[in-house]
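J.: One structure, pasted below without further comment.
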Number of protein chains: 2
Amino acid sequence: MPTPSTSALPGAAAVLADATRQAMPVATGLFEAIAEATNDGVGMAREPYSANEQKASDLLEAKARELALHVDKDVFGNLYMTLPGRDRDAPGWITGSHIDSVPSGGNFDGLAGVVAGLTAIAALQAAGIVPATDITVMGVRAEEASAWYAGAHGGHIGSRSALGILPPAELDSAINTRSGRTLREHMAEAGFSPDRVELGKGTLDLARHRGWLELHIEQGPVLERLGLPVGVVTAIRGSARARSSRCLGAYTHSGAVPHEYRSDAVLATVELVHSLEQEAARLRAAGGDLTYTVGKLFTDAGLHSITKVPGQVDFCLEYRSQERAVLDHMIDRARTEAARIAGERRVAFDLGSFSPQDPATMDPGFRAALNRGAVELGIPVMDIPSGAGHDAQDFVHAGLPAAMIFVRNANGSHNAKEAMDYADFELGTRLLAWMMMQ
Amino acid sequence: MPTPSTSALPGAAAVLADATRQAMPVATGLFEAIAEATNDGVGMAREPYSANEQKASDLLEAKARELALHVDKDVFGNLYMTLPGRDRDAPGWITGSHIDSVPSGGNFDGLAGVVAGLTAIAALQAAGIVPATDITVMGVRAEEASAWYAGAHGGHIGSRSALGILPPAELDSAINTRSGRTLREHMAEAGFSPDRVELGKGTLDLARHRGWLELHIEQGPVLERLGLPVGVVTAIRGSARARSSRCLGAYTHSGAVPHEYRSDAVLATVELVHSLEQEAARLRAAGGDLTYTVGKLFTDAGLHSITKVPGQVDFCLEYRSQERAVLDHMIDRARTEAARIAGERRVAFDLGSFSPQDPATMDPGFRAALNRGAVELGIPVMDIPSGAGHDAQDFVHAGLPAAMIFVRNANGSHNAKEAMDYADFELGTRLLAWMMMQ
């Protein structure tokens with residue numbers, strides 16, 4: 001599906017298309033300068049609260065000053081770059097994404113959203129447009145904390161700190177996997193104020209914002225497979241995760257013990273995993289939204305043997321869905337099936353807690369507007385759920401309506417091979433700029 | 001089912017019962033002396049070609065000399081203790097089992113068969129019976145080599161050496177897991193002649209023997225669960241083992257990638273394992289003999305994650321059956337199902353080789369005789385397959401007919417908790433002595 005040339009667009013759309021094209025050097029310059037400053041030889045290494053994350057923030061700040069934006073920072077390291085609107089008192093848009101990356105990650109996961117905000121502003125400036133209200137671009141810290149910190153925490157440190165929804169205990173339970181030290185120590189060492197998290201108030205005044213807009217690369221293959229450059233996100237899937245489930249049977253001789261006397265942990269776990277897969281497929285076939293993943297499943301390397309009936313299996317279960325009811329149904333199903341199979345197969349299952357997290361639905365009005373804008377701008381789009389988590393979900397959970405624009409990306413994310421075409425980024429940014437004018 | 005008192009038995013049976021009871025101190029004395037000399041604090045540690053295995057052999061030899069038996073040893077360390085019969089030229093019985101144990105093993109796995117041979121001879125002597133032909137008790141070395149040596153080898157070193165069926169390459173490919181040195185080195189260091197294996201002739205002249213008789217503890221729970229002290233073995237199950245099977249999929253994001261684009265190695269392997277279990281159950285329900293075990297199954301600890309679709313699973317498959325056709329059917333089934341599932345789920349299976357080993361059927365005439373003897377002696381018995389391997393299978397594969405007597409045992413085997421009641425051992429030994437008189 002070729003993108004229509006801008007010359008075929010109606011007047012206002014053509015103006016915005018030309019202005020975004022003129023602003024693209026802002027984007028390419030930032031992507032290249034930040035990639036050069038923060039790579040580890042394999043990919044990007046913008047660890048939360050590291051010198052590299054700071055370098056990226058500094059380069060963004062410098063560009064914002066070039067664009068004559070108002071620059072502000074909060075005590076958690078987040079960066080705010082504001083284009084004043086005609087009515088400075090009215091609630092304005094806040095847009096952006098995160099600055100940090102996973103280890104040896106790609107350049108676009110997160111950064112594209114901050115760069116898109118600045119580029120869209122540069123486009124508005126190029127078109128001579130002063131928006132009705134303020135537009136703030138936020139560079140968020142430490143969204144990828146889960147890739148760098150073990151222990152109990154939920155990642156998304158920068159956004160949750162700013163929104164006042166980060167439980168302070170996570171500052172101490174999140175342990176850096178390289179240094180062994182806490183998130184609190186690293187945050188303080190970088191010059192910020194973890195103690196301010198204790199106040200539970202955050203630094204953002206939500207009353208000053210009408211909504212959060214986040215452009216992000218798609219981390220799955222859907223847009224690429226379907227040949228579409230841009231997606232409008234419907235919801236960020238919630239999840240239910242049993243991180244440390246276990247099946248206990250009994251180790252016995254694989255030749256000498258008849259099946260009716262065995263307590264085989266592998267065959268019992270296999271039946272559970274297979275049964276849940278069938279239920280998940282049934283729900284999807286009926287129109288439900290659900291992913292089902294068993295990312296880890298293993299017998300005990302110290303005790304297992306080809307000639308022993310396996311006595312223990314450790315595994316995890318993950319569900320993701322846009323519908324909380326689907327998550328709850330699958331949690332129930334896991335418990336019911338585990339109980340049935342345990343009885344039939346003389347084993348014990350301990351699934352542990354599923355810690356369900358609610359889906360974050362994108363604002364229906366914003367979604368409708370983005371779809372209208374795409375038609376007006378001649379950008380082919382589709383509705384798409386987000387399976388991965390994003391800062392946008394924290395804004396929704398804190399009570400601010402949000403929308404997300406996905407940009408086509410090859411080779412997945414969280415690796416150095418992620419590949420976003422600048423032409424696709426330009427279309428996503430044009431849609432973002434259009435939305436900022438609404 | 002109470003054992004009838006010997007006073008209710010007919011004359012000859014009552015004589016044998018009394019004589020076996022009189023001979024029992026031979027057994028208890030040997031079990032206790034060898035346990036004291038060769039334990040590692042947890043259980044028995046009679047490593048092949050170790051000082052402890054030699055100590056056990058020496059204690060058996062000393063008892064044989066007390067019983068005035070002819071003692072011989074071969075160049076592989078096997079011990080032969082012979083009671084001369086009336087016709088010294090006629091082929092005689094050879095009986096026994098192995099002297100060695102697994103690490104921290106029980107005292108009876110193996111040793112019970114050697115001790116039973118000596119005790120049965122002592123019973124014949126107590127009853128004043130000189131057998132028609134020679135009776136040789138063999139103390140076999142290194143049957144449990146698989147528990148001590150990694151690398152490519154098939155265990156049962158002593159019996160296969162003596163029978164001339166040990167491939168010499170195993171002497172170098174079997175690597176001691178503690179020392180890192182080869183079986184050849186350990187065997188030579190213990191004073192034996194591994195180089196003689198190269199001749200491929202063995203040391204036993206099968207023409208001098210009419211059959212192999214082996215008493216062994218049952219390594220499964222069947223006799224205990226059914227309340228029977230003794231079993232007559234029908235066959236030693238053959239096996240087919242895929243030791244290093246693998247399913248390759250692709251690691252991807254567990255939330256962002258829809259199921260139709262995944263190559264999920266866990267769900268594919270789970271379907272294969274579950275499907276083969278169903279086929280195995282179907283075969284058993286139709287009267288087939290089959291055990292099916294997946295003793296190892298694991299995702300890659302370095303790469304797996306609760307939020308990643310798993311890209312690799314390593315596993316093994318083991319079938320055991322008294323029928324070679326059942327093994328062949330299940331090997332075919334694994335390959336067919338793996339191909340089907342690979343196509344449907346976008347993964348690749350590499351099952352590797354199954355290296356099938358033929359079942360070893362016990363001699364029908366010997367089995368019938370043992371069942372007759374049990375009736376005559378008033379010993380409750382049942383027919384039972386052996387799921388575990390035994391020296392008896394090597395004699396069968398070398399062309400000598402064989403029979404096995406199982407003795408009830410609690411807590412399985414290959415662990416320090418194996419528990420054989422001396423009263424059950426006495427019944428098994430009485431049946432062995434009866435068989436030696438046939």
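Labels for the structure tokens follow display order: chains A, B, ..., residues from 1 in each chain, ligands from 1.
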Could you list, as a ChimeraX atom specification, the residues of chain A having an atom within 6 Å of chain B when counting only C-alpha atoms?
T.: /A:219-220,255-257,270,295-299,304-306,308-310,387-388
J.: DSSP on the backbone, helix (DSSP H, G or I) only: what residues of segment 119-179 of chain B does that give? Format it as a ChimeraX atom specification.
T.: /B:119-126,145-147,157-163,170-173
J.: Generate the output file for the selected residues, C-alpha atoms, as a CSV table (one decimal), in the first residue's frame.
T.:
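The result, stored in again13.csv:
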```
chain,number,residue,atom,x,y,z
B,119,THR,CA,24.0,-69.1,50.7
B,120,ALA,CA,22.2,-71.5,48.4
B,121,ILE,CA,25.4,-73.6,48.2
B,122,ALA,CA,25.7,-73.5,52.0
B,123,ALA,CA,22.1,-74.7,52.1
B,124,LEU,CA,22.8,-77.6,49.8
B,125,GLN,CA,25.8,-78.5,51.9
B,126,ALA,CA,23.7,-78.3,55.1
B,145,ALA,CA,29.6,-48.3,35.6
B,146,SER,CA,26.9,-45.9,34.2
B,147,ALA,CA,26.6,-44.4,37.7
B,157,ILE,CA,31.6,-53.9,32.1
B,158,GLY,CA,32.4,-57.1,34.1
B,159,SER,CA,29.8,-59.4,32.5
B,160,ARG,CA,30.4,-58.1,29.0
B,161,SER,CA,34.2,-58.4,29.3
B,162,ALA,CA,33.9,-62.0,30.6
B,163,LEU,CA,31.4,-62.8,27.8
B,170,GLU,CA,34.1,-48.2,25.5
B,171,LEU,CA,37.3,-48.6,27.6
B,172,ASP,CA,38.4,-45.2,26.3
B,173,SER,CA,35.1,-43.4,25.8
```
J.: Of the candidates B:Gly43, B:Pro103, B:Gly200, B:Gly85, which one gets nearest to Ile165 of chain B if we count only C-alpha atoms?
T.: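 With only C-alpha atoms as the atom set, the closest residue is B:Gly200.
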J.: Any idea what's packed within 12 Å of Leu204 of chain B, counting only C-alpha atoms, ignoring anything in its chain fewer than 4 positions away? Could you give it as number ranges by chain?
T.: B: 72-76, 78-80, 94, 136, 138, 158-165, 200, 208-209, 212, 395, 398-400
J.: Please produce a file of those selected residues containing N, CA and C atoms, as a PDB file, in the first residue's frame.
T.:
```pdb
ATOM      1  N   ASP B  72      38.281 -68.925  41.586  1.00  0.00           N
ATOM      2  CA  ASP B  72      39.019 -68.520  40.384  1.00  0.00           C
ATOM      3  C   ASP B  72      38.706 -67.044  40.128  1.00  0.00           C
ATOM      4  N   LYS B  73      39.578 -66.362  39.407  1.00  0.00           N
ATOM      5  CA  LYS B  73      39.318 -64.958  39.032  1.00  0.00           C
ATOM      6  C   LYS B  73      39.727 -64.797  37.587  1.00  0.00           C
ATOM      7  N   ASP B  74      39.081 -63.853  36.906  1.00  0.00           N
ATOM      8  CA  ASP B  74      39.526 -63.623  35.527  1.00  0.00           C
ATOM      9  C   ASP B  74      40.299 -62.314  35.437  1.00  0.00           C
ATOM     10  N   VAL B  75      40.800 -62.015  34.265  1.00  0.00           N
ATOM     11  CA  VAL B  75      41.663 -60.831  34.102  1.00  0.00           C
ATOM     12  C   VAL B  75      40.887 -59.518  34.169  1.00  0.00           C
ATOM     13  N   PHE B  76      39.548 -59.618  34.275  1.00  0.00           N
ATOM     14  CA  PHE B  76      38.745 -58.398  34.379  1.00  0.00           C
ATOM     15  C   PHE B  76      38.256 -58.172  35.814  1.00  0.00           C
ATOM     16  N   ASN B  78      36.516 -60.360  37.707  1.00  0.00           N
ATOM     17  CA  ASN B  78      35.356 -61.139  38.123  1.00  0.00           C
ATOM     18  C   ASN B  78      35.800 -62.338  38.971  1.00  0.00           C
ATOM     19  N   LEU B  79      34.958 -62.673  39.942  1.00  0.00           N
ATOM     20  CA  LEU B  79      35.265 -63.737  40.900  1.00  0.00           C
ATOM     21  C   LEU B  79      34.354 -64.932  40.623  1.00  0.00           C
ATOM     22  N   TYR B  80      34.925 -66.150  40.629  1.00  0.00           N
ATOM     23  CA  TYR B  80      34.154 -67.378  40.376  1.00  0.00           C
ATOM     24  C   TYR B  80      34.383 -68.334  41.533  1.00  0.00           C
ATOM     25  N   ILE B  94      25.538 -71.413  36.314  1.00  0.00           N
ATOM     26  CA  ILE B  94      26.337 -70.279  36.792  1.00  0.00           C
ATOM     27  C   ILE B  94      25.348 -69.262  37.334  1.00  0.00           C
ATOM     28  N   THR B 136      28.570 -72.671  39.826  1.00  0.00           N
ATOM     29  CA  THR B 136      29.540 -71.586  39.970  1.00  0.00           C
ATOM     30  C   THR B 136      28.820 -70.302  40.368  1.00  0.00           C
ATOM     31  N   MET B 138      29.199 -66.379  40.482  1.00  0.00           N
ATOM     32  CA  MET B 138      30.044 -65.350  39.889  1.00  0.00           C
ATOM     33  C   MET B 138      29.780 -64.010  40.573  1.00  0.00           C
ATOM     34  N   GLY B 158      31.912 -55.812  33.695  1.00  0.00           N
ATOM     35  CA  GLY B 158      32.431 -57.120  34.100  1.00  0.00           C
ATOM     36  C   GLY B 158      31.821 -58.257  33.298  1.00  0.00           C
ATOM     37  N   SER B 159      30.488 -58.277  33.209  1.00  0.00           N
ATOM     38  CA  SER B 159      29.847 -59.394  32.504  1.00  0.00           C
ATOM     39  C   SER B 159      30.157 -59.344  31.014  1.00  0.00           C
ATOM     40  N   ARG B 160      30.131 -58.157  30.432  1.00  0.00           N
ATOM     41  CA  ARG B 160      30.372 -58.082  28.985  1.00  0.00           C
ATOM     42  C   ARG B 160      31.828 -58.411  28.636  1.00  0.00           C
ATOM     43  N   SER B 161      32.762 -58.030  29.536  1.00  0.00           N
ATOM     44  CA  SER B 161      34.163 -58.412  29.322  1.00  0.00           C
ATOM     45  C   SER B 161      34.290 -59.932  29.354  1.00  0.00           C
ATOM     46  N   ALA B 162      33.726 -60.537  30.388  1.00  0.00           N
ATOM     47  CA  ALA B 162      33.854 -61.987  30.556  1.00  0.00           C
ATOM     48  C   ALA B 162      33.202 -62.735  29.405  1.00  0.00           C
ATOM     49  N   LEU B 163      32.124 -62.144  28.842  1.00  0.00           N
ATOM     50  CA  LEU B 163      31.383 -62.808  27.762  1.00  0.00           C
ATOM     51  C   LEU B 163      31.953 -62.463  26.379  1.00  0.00           C
ATOM     52  N   GLY B 164      32.939 -61.549  26.354  1.00  0.00           N
ATOM     53  CA  GLY B 164      33.564 -61.196  25.068  1.00  0.00           C
ATOM     54  C   GLY B 164      32.692 -60.323  24.186  1.00  0.00           C
ATOM     55  N   ILE B 165      31.756 -59.576  24.796  1.00  0.00           N
ATOM     56  CA  ILE B 165      30.850 -58.740  23.989  1.00  0.00           C
ATOM     57  C   ILE B 165      30.978 -57.257  24.323  1.00  0.00           C
ATOM     58  N   GLY B 200      38.311 -59.808  22.169  1.00  0.00           N
ATOM     59  CA  GLY B 200      36.911 -60.098  21.826  1.00  0.00           C
ATOM     60  C   GLY B 200      36.499 -61.528  22.119  1.00  0.00           C
ATOM     61  N   ARG B 208      30.506 -74.665  28.957  1.00  0.00           N
ATOM     62  CA  ARG B 208      30.607 -75.304  30.268  1.00  0.00           C
ATOM     63  C   ARG B 208      29.414 -74.964  31.168  1.00  0.00           C
ATOM     64  N   HIS B 209      28.480 -74.156  30.680  1.00  0.00           N
ATOM     65  CA  HIS B 209      27.352 -73.733  31.530  1.00  0.00           C
ATOM     66  C   HIS B 209      26.024 -74.032  30.865  1.00  0.00           C
ATOM     67  N   TRP B 212      22.336 -69.216  33.136  1.00  0.00           N
ATOM     68  CA  TRP B 212      22.647 -68.194  34.152  1.00  0.00           C
ATOM     69  C   TRP B 212      21.414 -67.977  35.032  1.00  0.00           C
ATOM     70  N   PHE B 395      24.223 -62.222  29.368  1.00  0.00           N
ATOM     71  CA  PHE B 395      24.321 -63.666  29.126  1.00  0.00           C
ATOM     72  C   PHE B 395      23.362 -64.074  28.009  1.00  0.00           C
ATOM     73  N   ALA B 398      24.659 -63.000  24.780  1.00  0.00           N
ATOM     74  CA  ALA B 398      25.820 -63.808  24.380  1.00  0.00           C
ATOM     75  C   ALA B 398      25.412 -65.232  24.013  1.00  0.00           C
ATOM     76  N   GLY B 399      24.138 -65.581  24.286  1.00  0.00           N
ATOM     77  CA  GLY B 399      23.658 -66.882  23.820  1.00  0.00           C
ATOM     78  C   GLY B 399      23.399 -67.915  24.904  1.00  0.00           C
ATOM     79  N   LEU B 400      23.557 -67.531  26.170  1.00  0.00           N
ATOM     80  CA  LEU B 400      23.279 -68.479  27.244  1.00  0.00           C
ATOM     81  C   LEU B 400      21.861 -68.224  27.783  1.00  0.00           C
TER      82      LEU B 400
END
```
J.: Kindly give the distance, in Å, that separates atom CA of Pro48 of chain B and atom CA of Glu144 of chain B, rounded to a single decimal.
T.: 7.3 Å
J.: Considering only C-alpha atoms, can you say which of A:His329, A:Val140, A:Asp109, A:Glu426 comes closest to Val26 of chain A?
T.: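 Nearest candidate to Val26 of chain A out of A:His329, A:Val140, A:Asp109, A:Glu426: A:Glu426.
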